[in-house]
Amino acid sequence: MLPSKVESLWMATTPETNFPELDRHIETDVAIVGGGIAGLNVAFLLKRKGLKVVVIDSTYIAAGTSGNTTAKITSQHHLKYAFLKNSIDKKKAQIYADSNQWAIKEYEKIIKKENIGCDFHHMPSYVYATTKNGFDDIKKEFEVTRELNLPSSIIYSADNLSLDIFGAIRFDSQAYFHPRKYLLAIAGKINTDGCYIFEKTTATDIQETEESCKIITDKKNIKAKYVIIATNFPFYSKEIFSSQIRQELSYVFAVRLNTKIPEGMFIGLNDQDLSFRPHVSGKKAWMTVGAIHHFLDEKYTAQVDYEQLYRYATKIFDIKSVDYKWAAQDSYAKDRLPYIGFMPKSKRVLVTTGYSAWGMTTSLVSAKLLSDLITGKKNEWESLYSPSRIKKANNKNVPRAGKGGEKMDLKPNEGKIVEENGEKLAVYKDESGKVTAVSAICTHMGCTVGWNNKDKTWDCPCHGSRYDKTGKVIHGPAVKNLSKKEIEL
């Protein structure tokens, strides 16, 4: 039996946050837009260096992608290193390896020094292959990882799994944790001594000068020497990233098993292969298990359901109960490298995005690099991650508004795109029969949203913006709600 509520293990087992809205104009050294793991990590490091910081989030901190992750602290980012060596060069592959290995150790240092109880545990990480061709790719990856001095080895079976594999690559000394316990702890350390966190405050624009920046919000404004955009998809200079980043949804359970939970963090090579890892908190133990990935592009139909994930999982595991279910939304960079650094042609605005579902280590790498850039400290990682590698915005492949759906009767709790007097409308009927209509045109860059029948949301196929049933923004990069419309049905 699947739970009816969509809520992650991390959100369900931590208290809600209640930071104030921005109620006054404020001035600071660094303003950070986005209160997820990237924004809070960099705020923490900047404050530790003596700078004043202000963090704003359009909803609640640690509640978006960071509150719905699988929370693997690992430098094993699927089969990344052979790709980097072949597509760029070995030197930059080494930088990627070293920076992410550094992040694993740095998390442990922070957690110990700050005495943060966040269920941090060391554990090996595996990428497994269920086909011979897949295992051939794993062996090529292994050869490169050894050249880069990563803690890798090859295994040929998984005796503790009911899973037929050809083999896997293993990384030792990796880790997992409870991301929200960690983030709420460092948020408490940020929000003191002239540094602030504000929730339910949406940044709508940035005004740059040679000396400073002003963030325009839906409340008051913030003046800062530097601005960091740490949202899933950047809301500012959006045309730069529109053809460089795609967003993906994936589905996750937290389950209890009738058998012993496997030791290790696992991810398969194919889309239908499961990604799973244990989570132990005191005397309680779950296994997070995920699969089914969908890019939010023009072909996305949003009809995949949790039952499909359950069918995959029960083929391998003896599941006692599914305690939590949720979906994660991640930004994928076109060249498979995050964008971290100064915005192209800007000296005051920095950005971090495009983690490609590996945000735990990458966010701390980002925090280190961004804090060094702002304080003028040389960092050898800069050239690898710099957004300046985007030479010119190219929007020719960005899908625009498509055809509206046919006008038809709506069932209760259903939404459809209809066309009324030449205008595309997103129309929803609630369980009582009340109909709500809003514009179907995404407020980010003008694409047509689609109805997600499983999550009951309006989703943009271009850059991943999401709106609730009434058109209210629940996930950026959009910052404005869908406008309300009148309709006759």
# chains A, B, ... in the order shown; residues from 1 in each chain; ligands from 1

$ residues_around --residues "region 95-104 of chain A" --least-positions-apart "2" --cutoff "7 Å" --atoms "only C-alpha atoms" --output "MDAnalysis selection string"
chainID A and resid 73:75 91:93 106:108 174 361:362 364:365 381

$ residues_around --residues "region 118-127 of chain A" --least-positions-apart "5" --cutoff "7 Å" --atoms "only C-alpha atoms" --output "MDAnalysis selection string"
chainID A and resid 78 168:178 181:182 264:269 280:281

$ closest_residue --among "A:Gly464, A:Pro179, A:Pro234, A:Gly471" --to "Thr204 (chain A)" --atoms "only C-alpha atoms"
A:Pro234

$ select_by_dssp --residues "region 172-358 of chain A" --states "strand (DSSP E or B)" --output "compact mmCIF listing (two decimals) with N, CA and C atoms, in the first residue's frame"
# COMPACT_ATOMS: atom_id res chain seq x y z
N ASP A 172 35.14 3.49 -2.29
CA ASP A 172 35.16 3.39 -0.83
C ASP A 172 35.16 4.78 -0.19
N SER A 173 34.86 4.79 1.13
CA SER A 173 34.91 6.01 1.95
C SER A 173 34.00 7.11 1.44
N GLN A 174 32.83 6.73 0.91
CA GLN A 174 31.80 7.69 0.56
C GLN A 174 30.86 7.82 1.77
N ALA A 175 29.75 8.55 1.65
CA ALA A 175 28.92 8.79 2.83
C ALA A 175 27.49 9.13 2.45
N TYR A 176 26.61 9.08 3.45
CA TYR A 176 25.25 9.62 3.31
C TYR A 176 24.90 10.34 4.60
N TYR A 196 21.28 37.16 7.98
CA TYR A 196 19.84 36.89 8.05
C TYR A 196 19.39 35.87 7.01
N ILE A 197 18.32 35.17 7.36
CA ILE A 197 17.60 34.31 6.43
C ILE A 197 16.16 34.79 6.37
N PHE A 198 15.65 34.98 5.16
CA PHE A 198 14.26 35.39 4.96
C PHE A 198 13.57 34.39 4.05
N ALA A 203 12.78 36.89 -5.27
CA ALA A 203 13.58 37.82 -6.07
C ALA A 203 12.98 37.88 -7.47
N THR A 204 12.74 39.08 -7.97
CA THR A 204 12.16 39.24 -9.30
C THR A 204 13.12 39.86 -10.30
N ASP A 205 14.16 40.56 -9.82
CA ASP A 205 15.13 41.18 -10.73
C ASP A 205 16.38 41.56 -9.95
N ILE A 206 17.46 41.81 -10.70
CA ILE A 206 18.71 42.30 -10.13
C ILE A 206 19.16 43.49 -10.94
N GLN A 207 19.51 44.56 -10.25
CA GLN A 207 20.04 45.75 -10.90
C GLN A 207 21.51 45.88 -10.53
N GLU A 208 22.39 45.85 -11.55
CA GLU A 208 23.84 45.88 -11.32
C GLU A 208 24.42 47.26 -11.60
N CYS A 213 25.03 45.72 -6.23
CA CYS A 213 23.83 45.19 -6.86
C CYS A 213 22.63 45.47 -5.97
N LYS A 214 21.47 45.54 -6.59
CA LYS A 214 20.23 45.63 -5.83
C LYS A 214 19.33 44.48 -6.28
N ILE A 215 18.89 43.67 -5.31
CA ILE A 215 17.91 42.62 -5.60
C ILE A 215 16.53 43.19 -5.37
N ILE A 216 15.71 43.17 -6.39
CA ILE A 216 14.32 43.58 -6.29
C ILE A 216 13.51 42.35 -5.91
N THR A 217 12.75 42.42 -4.83
CA THR A 217 11.92 41.30 -4.43
C THR A 217 10.46 41.72 -4.39
N ASN A 221 13.77 45.52 -0.81
CA ASN A 221 14.94 45.32 -1.66
C ASN A 221 16.19 45.09 -0.83
N ILE A 222 17.19 44.47 -1.45
CA ILE A 222 18.47 44.18 -0.79
C ILE A 222 19.59 44.78 -1.62
N LYS A 223 20.44 45.57 -0.99
CA LYS A 223 21.64 46.08 -1.65
C LYS A 223 22.83 45.27 -1.16
N ALA A 224 23.67 44.82 -2.08
CA ALA A 224 24.80 43.97 -1.72
C ALA A 224 25.98 44.23 -2.64
N LYS A 225 27.17 43.95 -2.13
CA LYS A 225 28.36 44.06 -2.98
C LYS A 225 28.36 42.95 -4.04
N TYR A 226 27.87 41.77 -3.63
CA TYR A 226 27.80 40.64 -4.55
C TYR A 226 26.46 39.93 -4.36
N VAL A 227 25.99 39.31 -5.45
CA VAL A 227 24.79 38.48 -5.41
C VAL A 227 25.15 37.09 -5.92
N ILE A 228 24.67 36.07 -5.22
CA ILE A 228 24.83 34.69 -5.67
C ILE A 228 23.45 34.12 -5.97
N ILE A 229 23.27 33.60 -7.18
CA ILE A 229 22.02 32.94 -7.55
C ILE A 229 22.23 31.44 -7.36
N ILE A 245 20.68 24.06 -20.03
CA ILE A 245 20.23 23.27 -18.88
C ILE A 245 18.85 22.71 -19.16
N ARG A 246 18.67 21.45 -18.80
CA ARG A 246 17.34 20.83 -18.81
C ARG A 246 17.04 20.34 -17.39
N GLN A 247 15.76 20.23 -17.09
CA GLN A 247 15.38 19.74 -15.77
C GLN A 247 14.73 18.37 -15.87
N GLU A 248 14.95 17.57 -14.84
CA GLU A 248 14.50 16.19 -14.83
C GLU A 248 13.77 15.89 -13.53
N LEU A 249 12.72 15.10 -13.63
CA LEU A 249 12.02 14.58 -12.46
C LEU A 249 12.38 13.13 -12.25
N SER A 250 12.55 12.74 -10.99
CA SER A 250 12.73 11.33 -10.65
C SER A 250 11.91 11.03 -9.40
N TYR A 251 11.56 9.77 -9.22
CA TYR A 251 10.63 9.36 -8.17
C TYR A 251 11.34 8.50 -7.14
N VAL A 252 10.97 8.67 -5.87
CA VAL A 252 11.69 8.03 -4.77
C VAL A 252 10.70 7.51 -3.72
N PHE A 253 11.06 6.39 -3.11
CA PHE A 253 10.38 5.85 -1.93
C PHE A 253 11.36 5.78 -0.77
N ALA A 254 10.83 5.81 0.45
CA ALA A 254 11.56 5.35 1.63
C ALA A 254 10.80 4.13 2.14
N VAL A 255 11.45 2.98 2.11
CA VAL A 255 10.76 1.73 2.42
C VAL A 255 11.42 1.02 3.61
N ARG A 256 10.63 0.17 4.24
CA ARG A 256 11.15 -0.79 5.21
C ARG A 256 11.10 -2.17 4.55
N LEU A 257 12.10 -3.00 4.84
CA LEU A 257 12.20 -4.33 4.24
C LEU A 257 11.93 -5.42 5.27
N MET A 265 25.57 2.07 -1.23
CA MET A 265 24.73 2.96 -2.04
C MET A 265 24.89 2.53 -3.49
N PHE A 266 23.77 2.25 -4.16
CA PHE A 266 23.80 1.64 -5.48
C PHE A 266 23.03 2.48 -6.49
N ILE A 267 23.55 2.49 -7.72
CA ILE A 267 22.81 3.09 -8.83
C ILE A 267 23.14 2.30 -10.09
N GLY A 268 22.11 2.01 -10.90
CA GLY A 268 22.31 1.25 -12.13
C GLY A 268 22.59 2.15 -13.32
N SER A 275 18.04 2.98 -8.07
CA SER A 275 19.06 3.63 -7.24
C SER A 275 18.59 3.49 -5.80
N PHE A 276 19.44 2.97 -4.92
CA PHE A 276 18.99 2.73 -3.55
C PHE A 276 20.16 2.82 -2.58
N ARG A 277 19.80 3.15 -1.34
CA ARG A 277 20.79 3.21 -0.28
C ARG A 277 20.06 3.17 1.06
N PRO A 278 20.74 2.70 2.13
CA PRO A 278 20.09 2.67 3.44
C PRO A 278 20.05 4.05 4.06
N HIS A 279 19.17 4.23 5.01
CA HIS A 279 19.24 5.40 5.88
C HIS A 279 18.91 4.95 7.30
N VAL A 280 19.90 5.07 8.16
CA VAL A 280 19.77 4.65 9.56
C VAL A 280 19.77 5.88 10.43
N SER A 281 18.74 6.00 11.27
CA SER A 281 18.62 7.11 12.21
C SER A 281 18.22 6.54 13.56
N LYS A 284 15.88 3.39 13.92
CA LYS A 284 15.05 3.27 12.74
C LYS A 284 15.92 3.12 11.49
N ALA A 285 15.45 2.31 10.56
CA ALA A 285 16.21 2.10 9.32
C ALA A 285 15.25 2.00 8.14
N TRP A 286 15.55 2.76 7.12
CA TRP A 286 14.82 2.72 5.86
C TRP A 286 15.79 2.43 4.71
N MET A 287 15.25 2.19 3.57
CA MET A 287 16.04 2.20 2.35
C MET A 287 15.33 3.15 1.39
N THR A 288 16.08 4.12 0.87
CA THR A 288 15.52 4.96 -0.18
C THR A 288 15.75 4.26 -1.51
N VAL A 289 14.73 4.24 -2.32
CA VAL A 289 14.82 3.57 -3.62
C VAL A 289 14.15 4.46 -4.67
N GLY A 290 14.87 4.69 -5.75
CA GLY A 290 14.35 5.58 -6.79
C GLY A 290 14.62 5.05 -8.18
N ALA A 291 13.89 5.60 -9.13
CA ALA A 291 14.06 5.27 -10.56
C ALA A 291 13.10 6.15 -11.34
N ILE A 292 12.97 5.86 -12.62
CA ILE A 292 12.02 6.52 -13.52
C ILE A 292 12.37 8.00 -13.64
N HIS A 293 13.18 8.33 -14.60
CA HIS A 293 13.64 9.69 -14.81
C HIS A 293 13.01 10.27 -16.07
N HIS A 294 12.56 11.52 -15.97
CA HIS A 294 11.93 12.17 -17.12
C HIS A 294 12.46 13.57 -17.28
N PHE A 295 13.09 13.85 -18.39
CA PHE A 295 13.42 15.23 -18.71
C PHE A 295 12.13 15.99 -18.99
N ILE A 319 9.55 -5.94 0.30
CA ILE A 319 9.17 -4.68 0.94
C ILE A 319 8.07 -4.91 1.98
N LYS A 320 8.35 -4.46 3.18
CA LYS A 320 7.37 -4.53 4.28
C LYS A 320 6.39 -3.39 4.19
N SER A 321 6.90 -2.17 3.95
CA SER A 321 6.02 -1.00 3.84
C SER A 321 6.72 0.10 3.07
N VAL A 322 5.93 0.91 2.37
CA VAL A 322 6.42 2.15 1.77
C VAL A 322 5.96 3.27 2.69
N ASP A 323 6.90 3.87 3.41
CA ASP A 323 6.53 4.88 4.40
C ASP A 323 6.42 6.28 3.82
N TYR A 324 7.23 6.57 2.80
CA TYR A 324 7.22 7.91 2.21
C TYR A 324 7.43 7.79 0.70
N LYS A 325 6.83 8.72 -0.02
CA LYS A 325 7.06 8.80 -1.47
C LYS A 325 7.22 10.27 -1.83
N TRP A 326 8.10 10.53 -2.82
CA TRP A 326 8.30 11.91 -3.25
C TRP A 326 8.98 11.93 -4.62
N ALA A 327 9.06 13.12 -5.19
CA ALA A 327 9.72 13.32 -6.48
C ALA A 327 10.80 14.38 -6.32
N ALA A 328 11.90 14.19 -7.01
CA ALA A 328 13.00 15.15 -6.99
C ALA A 328 13.12 15.80 -8.36
N GLN A 329 13.50 17.07 -8.37
CA GLN A 329 13.68 17.80 -9.62
C GLN A 329 15.11 18.34 -9.67
N ASP A 330 15.85 17.97 -10.71
CA ASP A 330 17.26 18.34 -10.83
C ASP A 330 17.54 19.02 -12.15
N SER A 331 18.55 19.90 -12.15
CA SER A 331 18.98 20.59 -13.37
C SER A 331 20.20 19.89 -13.95
N TYR A 332 20.15 19.59 -15.24
CA TYR A 332 21.23 18.89 -15.92
C TYR A 332 21.91 19.82 -16.92
N ALA A 333 23.21 19.98 -16.77
CA ALA A 333 23.97 20.81 -17.69
C ALA A 333 24.22 20.04 -18.99
N TYR A 339 27.75 24.77 -13.59
CA TYR A 339 28.15 26.16 -13.82
C TYR A 339 28.31 26.84 -12.46
N ILE A 340 29.56 27.20 -12.14
CA ILE A 340 29.84 27.82 -10.84
C ILE A 340 30.81 28.96 -11.06
N GLY A 341 30.39 30.18 -10.73
CA GLY A 341 31.29 31.32 -10.87
C GLY A 341 30.53 32.57 -11.26
N PHE A 342 31.27 33.56 -11.74
CA PHE A 342 30.65 34.81 -12.17
C PHE A 342 29.81 34.59 -13.42
N VAL A 349 27.56 39.49 -10.03
CA VAL A 349 26.57 38.42 -9.88
C VAL A 349 27.23 37.07 -10.19
N LEU A 350 27.10 36.16 -9.25
CA LEU A 350 27.65 34.81 -9.41
C LEU A 350 26.50 33.81 -9.44
N VAL A 351 26.77 32.63 -9.97
CA VAL A 351 25.72 31.64 -10.15
C VAL A 351 26.26 30.25 -9.84
N THR A 352 25.39 29.38 -9.40
CA THR A 352 25.73 27.97 -9.25
C THR A 352 24.50 27.15 -9.64
N THR A 353 24.67 26.26 -10.61
CA THR A 353 23.55 25.48 -11.14
C THR A 353 24.07 24.31 -11.96

$ closest_residue --among "A:Ile56, A:Ile110, A:Ile154, A:Val438" --to "Phe19 (chain A)" --atoms "only C-alpha atoms"
A:Ile56

$ closest_residue --among "A:Lys5, A:Lys334, A:Lys80, A:Lys424" --to "Lys485 (chain A)" --atoms "only C-alpha atoms"
A:Lys424

$ residues_around --residues "Tyr156 (chain A)" --least-positions-apart "3" --cutoff "12 Å" --atoms "only C-alpha atoms" --output "compact mmCIF listing (two decimals) with N, CA and C atoms, in the first residue's frame"
# COMPACT_ATOMS: atom_id res chain seq x y z
N TYR A 126 28.32 2.27 -5.30
CA TYR A 126 28.47 1.37 -6.44
C TYR A 126 27.67 1.87 -7.64
N VAL A 127 28.23 1.71 -8.82
CA VAL A 127 27.46 1.78 -10.07
C VAL A 127 27.47 0.38 -10.66
N TYR A 128 26.28 -0.21 -10.85
CA TYR A 128 26.22 -1.61 -11.29
C TYR A 128 25.70 -1.72 -12.72
N ALA A 129 26.06 -2.82 -13.36
CA ALA A 129 25.65 -3.08 -14.74
C ALA A 129 24.87 -4.38 -14.80
N THR A 130 23.74 -4.36 -15.49
CA THR A 130 22.93 -5.56 -15.66
C THR A 130 23.08 -6.14 -17.07
N LYS A 132 26.18 -6.96 -20.38
CA LYS A 132 27.60 -7.08 -20.68
C LYS A 132 28.16 -5.77 -21.22
N PHE A 135 28.76 -3.41 -18.45
CA PHE A 135 29.95 -3.74 -17.66
C PHE A 135 31.23 -3.37 -18.41
N ILE A 138 31.74 0.11 -17.54
CA ILE A 138 32.22 0.23 -16.16
C ILE A 138 33.72 -0.05 -16.09
N LYS A 139 34.19 -1.02 -16.85
CA LYS A 139 35.64 -1.34 -16.83
C LYS A 139 36.46 -0.18 -17.40
N SER A 153 37.34 0.26 -7.09
CA SER A 153 37.66 -1.16 -7.33
C SER A 153 36.52 -1.76 -8.15
N ASP A 159 26.44 -10.33 -3.64
CA ASP A 159 25.84 -11.46 -2.91
C ASP A 159 24.72 -11.03 -1.98
N LEU A 163 19.79 -9.43 -7.12
CA LEU A 163 19.95 -8.66 -8.34
C LEU A 163 21.03 -9.33 -9.19
N ASP A 164 20.66 -9.65 -10.41
CA ASP A 164 21.59 -10.31 -11.33
C ASP A 164 22.41 -9.24 -12.05
N ILE A 165 23.70 -9.12 -11.70
CA ILE A 165 24.54 -8.09 -12.32
C ILE A 165 25.77 -8.73 -12.95
N PHE A 166 26.32 -8.05 -13.95
CA PHE A 166 27.58 -8.48 -14.55
C PHE A 166 28.76 -7.99 -13.72
N GLY A 167 28.56 -6.92 -12.99
CA GLY A 167 29.62 -6.36 -12.16
C GLY A 167 29.32 -4.92 -11.82
N ALA A 168 30.22 -4.33 -11.05
CA ALA A 168 30.02 -2.94 -10.61
C ALA A 168 31.36 -2.30 -10.31
N ILE A 169 31.39 -0.97 -10.33
CA ILE A 169 32.54 -0.22 -9.85
C ILE A 169 32.19 0.31 -8.46
N ARG A 170 33.14 0.15 -7.53
CA ARG A 170 32.92 0.53 -6.14
C ARG A 170 33.86 1.66 -5.75

$ atom_distance --atom1 "CA of Glu7 (chain A)" --atom2 "CA of Lys72 (chain A)"
18.6 Å

$ atom_distance --atom1 "CA of Leu22 (chain A)" --atom2 "CA of Thr59 (chain A)"
12.1 Å

$ atom_distance --atom1 "CA of Ser8 (chain A)" --atom2 "CA of Tyr310 (chain A)"
15.8 Å

$ select_by_dssp --residues "region 32-216 of chain A" --states "alpha helix (DSSP H)" --output "JSON, numbers by chain"
{"A": [37, 38, 39, 40, 41, 42, 43, 44, 45, 46, 47, 48, 81, 82, 83, 84, 85, 86, 87, 90, 91, 92, 93, 94, 95, 96, 97, 98, 99, 100, 101, 102, 103, 104, 105, 106, 107, 108, 109, 110, 111, 112, 113, 132, 133, 134, 135, 136, 137, 138, 139, 140, 141, 142, 143, 144, 145, 146, 147, 179, 180, 181, 182, 183, 184, 185, 186, 187, 188, 189, 190]}

$ residues_around --residues "Asp318 (chain A)" --least-positions-apart "3" --cutoff "7 Å" --atoms "only C-alpha atoms" --output "ChimeraX atom specification"
/A:257-259,314

$ write_last_selection --atoms "C-alpha atoms" --output "mmCIF file, in the first residue's frame"
data_model
loop_
_atom_site.group_PDB
_atom_site.id
_atom_site.type_symbol
_atom_site.label_atom_id
_atom_site.label_comp_id
_atom_site.auth_asym_id
_atom_site.auth_seq_id
_atom_site.Cartn_x
_atom_site.Cartn_y
_atom_site.Cartn_z
ATOM 1 C CA LEU A 257 12.195 -4.328 4.241
ATOM 2 C CA ASN A 258 11.334 -7.729 5.648
ATOM 3 C CA THR A 259 14.976 -8.637 5.055
ATOM 4 C CA THR A 314 9.176 -5.410 -5.573
#

$ residues_around --residues "Leu45 (chain A)" --least-positions-apart "4" --cutoff "7 Å" --atoms "only C-alpha atoms" --output "PyMOL selection string"
chain A and resi 41+49+367+371

$ residues_around --residues "Thr231 (chain A)" --least-positions-apart "4" --cutoff "10 Å" --atoms "only C-alpha atoms" --output "ChimeraX atom specification"
/A:32-39,57-58,64-65,235,331,351-354,475-477

$ write_last_selection --atoms "C-alpha atoms" --output "CSV table (one decimal), in the first residue's frame"
chain,number,residue,atom,x,y,z
A,32,ILE,CA,22.1,34.8,-1.8
A,33,VAL,CA,19.0,33.9,-3.7
A,34,GLY,CA,18.0,30.3,-2.9
A,35,GLY,CA,18.0,28.6,0.5
A,36,GLY,CA,18.8,25.1,-0.6
A,37,ILE,CA,22.0,23.2,0.1
A,38,ALA,CA,24.0,25.4,-2.3
A,39,GLY,CA,22.9,28.7,-0.9
A,57,ASP,CA,14.0,31.9,-0.5
A,58,SER,CA,10.7,32.2,-2.4
A,64,GLY,CA,12.9,22.2,-2.6
A,65,THR,CA,15.4,20.0,-4.4
A,235,PHE,CA,15.9,33.3,-12.8
A,331,SER,CA,19.0,20.6,-13.4
A,351,VAL,CA,25.7,31.6,-10.1
A,352,THR,CA,25.7,28.0,-9.2
A,353,THR,CA,23.5,25.5,-11.1
A,354,GLY,CA,23.5,22.3,-13.3
A,475,HIS,CA,9.2,25.7,-8.4
A,476,GLY,CA,11.4,28.2,-10.4
A,477,PRO,CA,12.9,29.5,-12.5

$ closest_residue --among "A:Ile186, A:Ile111, A:Ala82, A:Cys195" --to "Thr145 (chain A)" --atoms "only C-alpha atoms"
A:Ala82

$ residues_around --residues "region 425-436 of chain A" --least-positions-apart "4" --cutoff "7 Å" --atoms "only C-alpha atoms" --output "PDB file with N, CA and C atoms, in the first residue's frame"
ATOM      1  N   LEU A 410     -14.313  18.451 -18.127  1.00  0.00           N
ATOM      2  CA  LEU A 410     -13.291  18.078 -17.150  1.00  0.00           C
ATOM      3  C   LEU A 410     -13.886  17.174 -16.084  1.00  0.00           C
ATOM      4  N   LYS A 411     -13.123  16.182 -15.675  1.00  0.00           N
ATOM      5  CA  LYS A 411     -13.495  15.362 -14.532  1.00  0.00           C
ATOM      6  C   LYS A 411     -13.046  16.073 -13.251  1.00  0.00           C
ATOM      7  N   PRO A 412     -13.626  15.759 -12.109  1.00  0.00           N
ATOM      8  CA  PRO A 412     -13.169  16.359 -10.847  1.00  0.00           C
ATOM      9  C   PRO A 412     -11.690  16.053 -10.592  1.00  0.00           C
ATOM     10  N   ASN A 413     -10.971  17.051 -10.100  1.00  0.00           N
ATOM     11  CA  ASN A 413      -9.541  16.943  -9.785  1.00  0.00           C
ATOM     12  C   ASN A 413      -8.708  16.685 -11.039  1.00  0.00           C
ATOM     13  N   GLU A 414      -9.087  17.327 -12.137  1.00  0.00           N
ATOM     14  CA  GLU A 414      -8.402  17.147 -13.411  1.00  0.00           C
ATOM     15  C   GLU A 414      -8.117  18.508 -14.039  1.00  0.00           C
ATOM     16  N   GLY A 415      -7.020  18.587 -14.770  1.00  0.00           N
ATOM     17  CA  GLY A 415      -6.678  19.804 -15.488  1.00  0.00           C
ATOM     18  C   GLY A 415      -6.454  19.524 -16.960  1.00  0.00           C
ATOM     19  N   LYS A 416      -6.692  20.540 -17.808  1.00  0.00           N
ATOM     20  CA  LYS A 416      -6.456  20.405 -19.244  1.00  0.00           C
ATOM     21  C   LYS A 416      -6.074  21.771 -19.815  1.00  0.00           C
ATOM     22  N   ILE A 417      -5.354  21.727 -20.931  1.00  0.00           N
ATOM     23  CA  ILE A 417      -5.088  22.936 -21.703  1.00  0.00           C
ATOM     24  C   ILE A 417      -6.199  23.083 -22.729  1.00  0.00           C
ATOM     25  N   VAL A 418      -6.875  24.220 -22.726  1.00  0.00           N
ATOM     26  CA  VAL A 418      -7.928  24.472 -23.712  1.00  0.00           C
ATOM     27  C   VAL A 418      -7.631  25.797 -24.404  1.00  0.00           C
ATOM     28  N   GLU A 419      -8.266  26.017 -25.524  1.00  0.00           N
ATOM     29  CA  GLU A 419      -8.081  27.264 -26.261  1.00  0.00           C
ATOM     30  C   GLU A 419      -9.394  28.035 -26.280  1.00  0.00           C
ATOM     31  N   ALA A 440      -2.055  29.598 -19.795  1.00  0.00           N
ATOM     32  CA  ALA A 440      -1.217  28.408 -19.949  1.00  0.00           C
ATOM     33  C   ALA A 440       0.212  28.755 -20.354  1.00  0.00           C
ATOM     34  N   LYS A 469      -2.276  23.902  -8.726  1.00  0.00           N
ATOM     35  CA  LYS A 469      -3.520  23.791  -9.493  1.00  0.00           C
ATOM     36  C   LYS A 469      -4.125  25.151  -9.853  1.00  0.00           C
ATOM     37  N   THR A 470      -3.841  26.149  -9.011  1.00  0.00           N
ATOM     38  CA  THR A 470      -4.404  27.483  -9.232  1.00  0.00           C
ATOM     39  C   THR A 470      -3.446  28.423  -9.941  1.00  0.00           C
TER      40      THR A 470
END
